[in-house]
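Just below is one structure, and these are the notes that go with it.
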Amino acid sequence: IAMAVAAQARRPLQPWLWVALGVAALYLPSYWNAAHGLWQTDEFGHAPLILAIVVWLFWQSRHAVDQSPDAPRSGSGWLLLALGLALYALGRTAGVSSVEFASQVFIAGAVLLLLKGSQGLRAAWFPVFYLIFMVPLPGTVVDALTEPLKHWISIIVVDLLHAVGYPIGRSGVMLTVGRYELLVADACSGLNSMFSLAALGALFIHIMGRQSRLHTALLVLAIVPIAFAANIVRVVSLVLITYHFGDAAGQGFLHGAAGIVLMLVALLAFFALDWCLARALPAASQTP
């Protein structure tokens, strides 16, 4: 009897074990390659943290998925799985990381549909959605967004520092302050911080679970302007450090520390906005 009970208890886990093995076979080589290349860059260095958060989110939703009724959606599930595998094969063979990692979203959704059905997918929709933040932006998109962002930041930084009396000028995205010249590089465009803050902001919104749709919408809309403003603070800080302490200080340890300051400023502004909205919309902003 004990053996029968144990076998019955193990049976529901067997499909998930096969899923885990299949996912590992597909994506461990992708993660290994990314860990020795893509994830070591400034643009996508946040990806391992996103992966850890995704694993935690799936683990947190396991009971909700398990309690959902078994109502597999074979048609849509197999179709979504075929699409995900096709994207994986295309991205893997062609070396297109954005397509390769985007396939995770489709495969995760397909697995939930095939094993549990629509309610299972709804129970774990957020970790499936959060996989999007592991997808590197295509180079064409990065190039199209980076140039105008650098241009706007250069103009704003020059105007701000000129207004308080600093001898600063601009030629395109090249800033001249005193006897120093600084290039507003791609990393200073704020695109990376916008993507990272979007990931952290989405996680924060999900965890807080505000009941007000207006509260949630305002937080989502604030992500881009907050990241942009925080990046202006970063560039202004680097310009002032270079002007007062020299080029070596601006390009040394303090240059990396400015990136940490950027994220802290952005997160504090995001939390402050949430606090203000919770008090402006007290009845609708309660958390469950």
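Chain labels follow the order of the structure tokens: the first chain is A, the next B, and so on; residue numbering restarts at 1 in every chain, and ligands are counted from 1 in their shown order.
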Within 10 Å of stretch 85-97 of chain A using only C-alpha atoms, minus same-chain residues under 3 positions, as a compact mmCIF listing (two decimals) with C-alpha atoms, in the first residue's frame:
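Contents of selection19.txt, freshly written:
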# COMPACT_ATOMS: atom_id res chain seq x y z
CA LEU A 26 17.56 23.28 -24.97
CA TYR A 27 18.74 26.28 -23.01
CA PRO A 29 23.99 25.55 -23.97
CA SER A 30 22.42 28.94 -24.74
CA ALA A 34 25.70 33.87 -23.20
CA LEU A 38 26.54 38.38 -24.29
CA LEU A 80 2.70 27.46 -29.58
CA LEU A 81 5.33 24.78 -28.90
CA ALA A 82 6.04 24.38 -32.62
CA GLU A 100 16.82 32.38 -29.53
CA PHE A 101 15.89 33.82 -26.13
CA ALA A 102 12.46 35.00 -27.29
CA SER A 103 11.57 31.36 -27.92
CA GLN A 104 11.53 30.80 -24.14
CA PHE A 106 6.48 30.62 -26.36
CA ILE A 107 7.82 27.32 -25.03
CA VAL A 135 15.56 38.89 -24.63
CA PRO A 136 18.35 41.16 -25.91
CA LEU A 137 17.12 44.02 -28.05
CA PRO A 138 18.00 43.64 -31.75
* **Expected answer as a ChimeraX atom specification: strand (DSSP E or B) residues in stretch 165-221 of chain A** => /A:168-171,174-177,180-183
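Of the residues listed (A:Gln211, A:Leu197, A:Leu114, A:Val55), A:Leu197 shows the shortest atom-to-atom separation from A:Phe270; distances use only C-alpha atoms.
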* Would you please give, as a PyMOL selection string, all residues of stretch 31-280 of chain A that DSSP assigns to alpha helix (DSSP H) based on the backbone? => chain A and resi 31-35+47-60+62-67+74-94+97-115+118-123+125-130+139-163+191-208+213-245+247-251+253-280
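Nearest to A:Ser237 of all the residues A:Leu200, A:Val157, A:Ala269, A:Met208 is A:Val157, counting only C-alpha atoms.
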* **For stretch 214-229 of chain A: contacts at 7 Å, only C-alpha atoms, fewer than 6 positions along chain excluded, given as a VMD selection string** => chain A and resid 190 193 to 194 197 to 198 205 266 269 274 277 285
Let me see the file: selected residues, C-alpha atoms, as a short mmCIF file (atom, residue, chain, number, x, y, z; two decimals), in the first residue's frame.
data_model
loop_
_atom_site.label_atom_id
_atom_site.label_comp_id
_atom_site.auth_asym_id
_atom_site.auth_seq_id
_atom_site.Cartn_x
_atom_site.Cartn_y
_atom_site.Cartn_z
CA GLY A 190 20.08 55.49 -20.77
CA SER A 193 18.96 51.63 -17.47
CA MET A 194 15.47 51.94 -18.96
CA LEU A 197 14.41 49.64 -14.47
CA ALA A 198 11.50 48.29 -16.52
CA ILE A 205 4.36 46.26 -9.42
CA ALA A 266 15.85 55.67 -10.38
CA ALA A 269 12.19 57.91 -7.49
CA ASP A 274 4.46 54.56 -5.55
CA LEU A 277 0.19 57.40 -5.42
CA SER A 285 -4.24 51.32 -4.03
#
* Two-atom distance - atom CA of A:Leu240, atom CA of A:Ser171 (Å) -> 18.1 Å
* Would you please work out which residue, of A:His63, A:His244, A:Arg122, A:Arg279, is nearest to A:Tyr180 when using only C-alpha atoms? => A:His244
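In terms of minimum interatomic distance to A:Pro127, A:Arg62 ranks closest within A:His151, A:Arg73, A:Arg210, A:Arg62, counting only C-alpha atoms.
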* Separation of atom CA of A:Val235 from atom CA of A:Val173 in Å -> 11.8 Å
* A:Ile156 environment, 12 Å, only C-alpha atoms, sequence neighbours closer than 2 positions dropped, as number ranges by chain -> A: 149-154, 158-163, 168-170, 173, 175, 228-229, 231-233, 235-236
Take the residues just selected and output them with N, CA and C atoms as a short mmCIF file (atom, residue, chain, number, x, y, z; two decimals), in the first residue's frame.
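Output below, filename part-v9.cif:
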data_model
loop_
_atom_site.label_atom_id
_atom_site.label_comp_id
_atom_site.auth_asym_id
_atom_site.auth_seq_id
_atom_site.Cartn_x
_atom_site.Cartn_y
_atom_site.Cartn_z
N LEU A 149 18.58 59.39 -28.03
CA LEU A 149 18.71 59.51 -26.58
C LEU A 149 20.01 60.22 -26.20
N LYS A 150 21.12 59.84 -26.84
CA LYS A 150 22.40 60.52 -26.56
C LYS A 150 22.32 61.99 -26.91
N HIS A 151 21.66 62.30 -28.00
CA HIS A 151 21.55 63.70 -28.44
C HIS A 151 20.75 64.51 -27.42
N TRP A 152 19.61 64.00 -26.98
CA TRP A 152 18.78 64.72 -26.01
C TRP A 152 19.51 64.90 -24.68
N ILE A 153 20.18 63.85 -24.24
CA ILE A 153 20.90 63.94 -22.97
C ILE A 153 22.02 64.97 -23.05
N SER A 154 22.74 65.00 -24.17
CA SER A 154 23.81 65.97 -24.34
C SER A 154 23.27 67.40 -24.24
N VAL A 158 24.20 70.00 -21.08
CA VAL A 158 24.87 71.27 -21.38
C VAL A 158 24.03 72.45 -20.89
N ASP A 159 22.74 72.40 -21.14
CA ASP A 159 21.87 73.50 -20.70
C ASP A 159 21.84 73.63 -19.17
N LEU A 160 21.78 72.50 -18.47
CA LEU A 160 21.74 72.54 -17.01
C LEU A 160 23.03 73.12 -16.42
N LEU A 161 24.17 72.62 -16.88
CA LEU A 161 25.44 73.07 -16.31
C LEU A 161 25.79 74.48 -16.76
N HIS A 162 25.41 74.84 -17.98
CA HIS A 162 25.65 76.21 -18.43
C HIS A 162 24.82 77.20 -17.61
N ALA A 163 23.61 76.77 -17.20
CA ALA A 163 22.74 77.66 -16.43
C ALA A 163 23.31 77.97 -15.05
N ILE A 168 30.88 75.02 -20.33
CA ILE A 168 30.61 73.77 -21.03
C ILE A 168 30.02 74.07 -22.40
N GLY A 169 30.43 73.29 -23.38
CA GLY A 169 29.92 73.42 -24.73
C GLY A 169 29.65 72.04 -25.31
N ARG A 170 29.10 72.01 -26.50
CA ARG A 170 28.70 70.74 -27.11
C ARG A 170 28.90 70.79 -28.61
N VAL A 173 27.47 64.89 -29.78
CA VAL A 173 27.43 64.25 -28.47
C VAL A 173 28.79 64.34 -27.77
N LEU A 175 31.03 66.59 -25.44
CA LEU A 175 30.92 67.69 -24.49
C LEU A 175 32.31 68.21 -24.16
N PHE A 228 15.25 58.00 -17.73
CA PHE A 228 15.89 59.06 -18.51
C PHE A 228 16.44 60.15 -17.58
N ALA A 229 15.63 60.57 -16.60
CA ALA A 229 16.08 61.60 -15.66
C ALA A 229 17.25 61.12 -14.81
N ASN A 231 19.48 58.99 -15.70
CA ASN A 231 20.68 58.96 -16.53
C ASN A 231 21.26 60.35 -16.73
N ILE A 232 20.42 61.37 -16.76
CA ILE A 232 20.91 62.75 -16.82
C ILE A 232 21.72 63.05 -15.56
N VAL A 233 21.22 62.59 -14.41
CA VAL A 233 21.96 62.77 -13.15
C VAL A 233 23.33 62.10 -13.25
N VAL A 235 25.16 61.45 -16.03
CA VAL A 235 26.06 62.16 -16.93
C VAL A 235 26.52 63.48 -16.31
N VAL A 236 25.62 64.19 -15.65
CA VAL A 236 26.00 65.43 -14.97
C VAL A 236 27.07 65.14 -13.92
#
* Compile the contact shell of A:Phe133 as a list of chain:residue names: residues with an atom at most 9 Å away, counting only C-alpha atoms, same-chain residues fewer than 3 positions apart removed. => A:Ala47, A:Ile50, A:Leu51, A:Phe129, A:Tyr130, A:Pro136, A:Phe195, A:Ser196, A:Ala198, A:Ala199
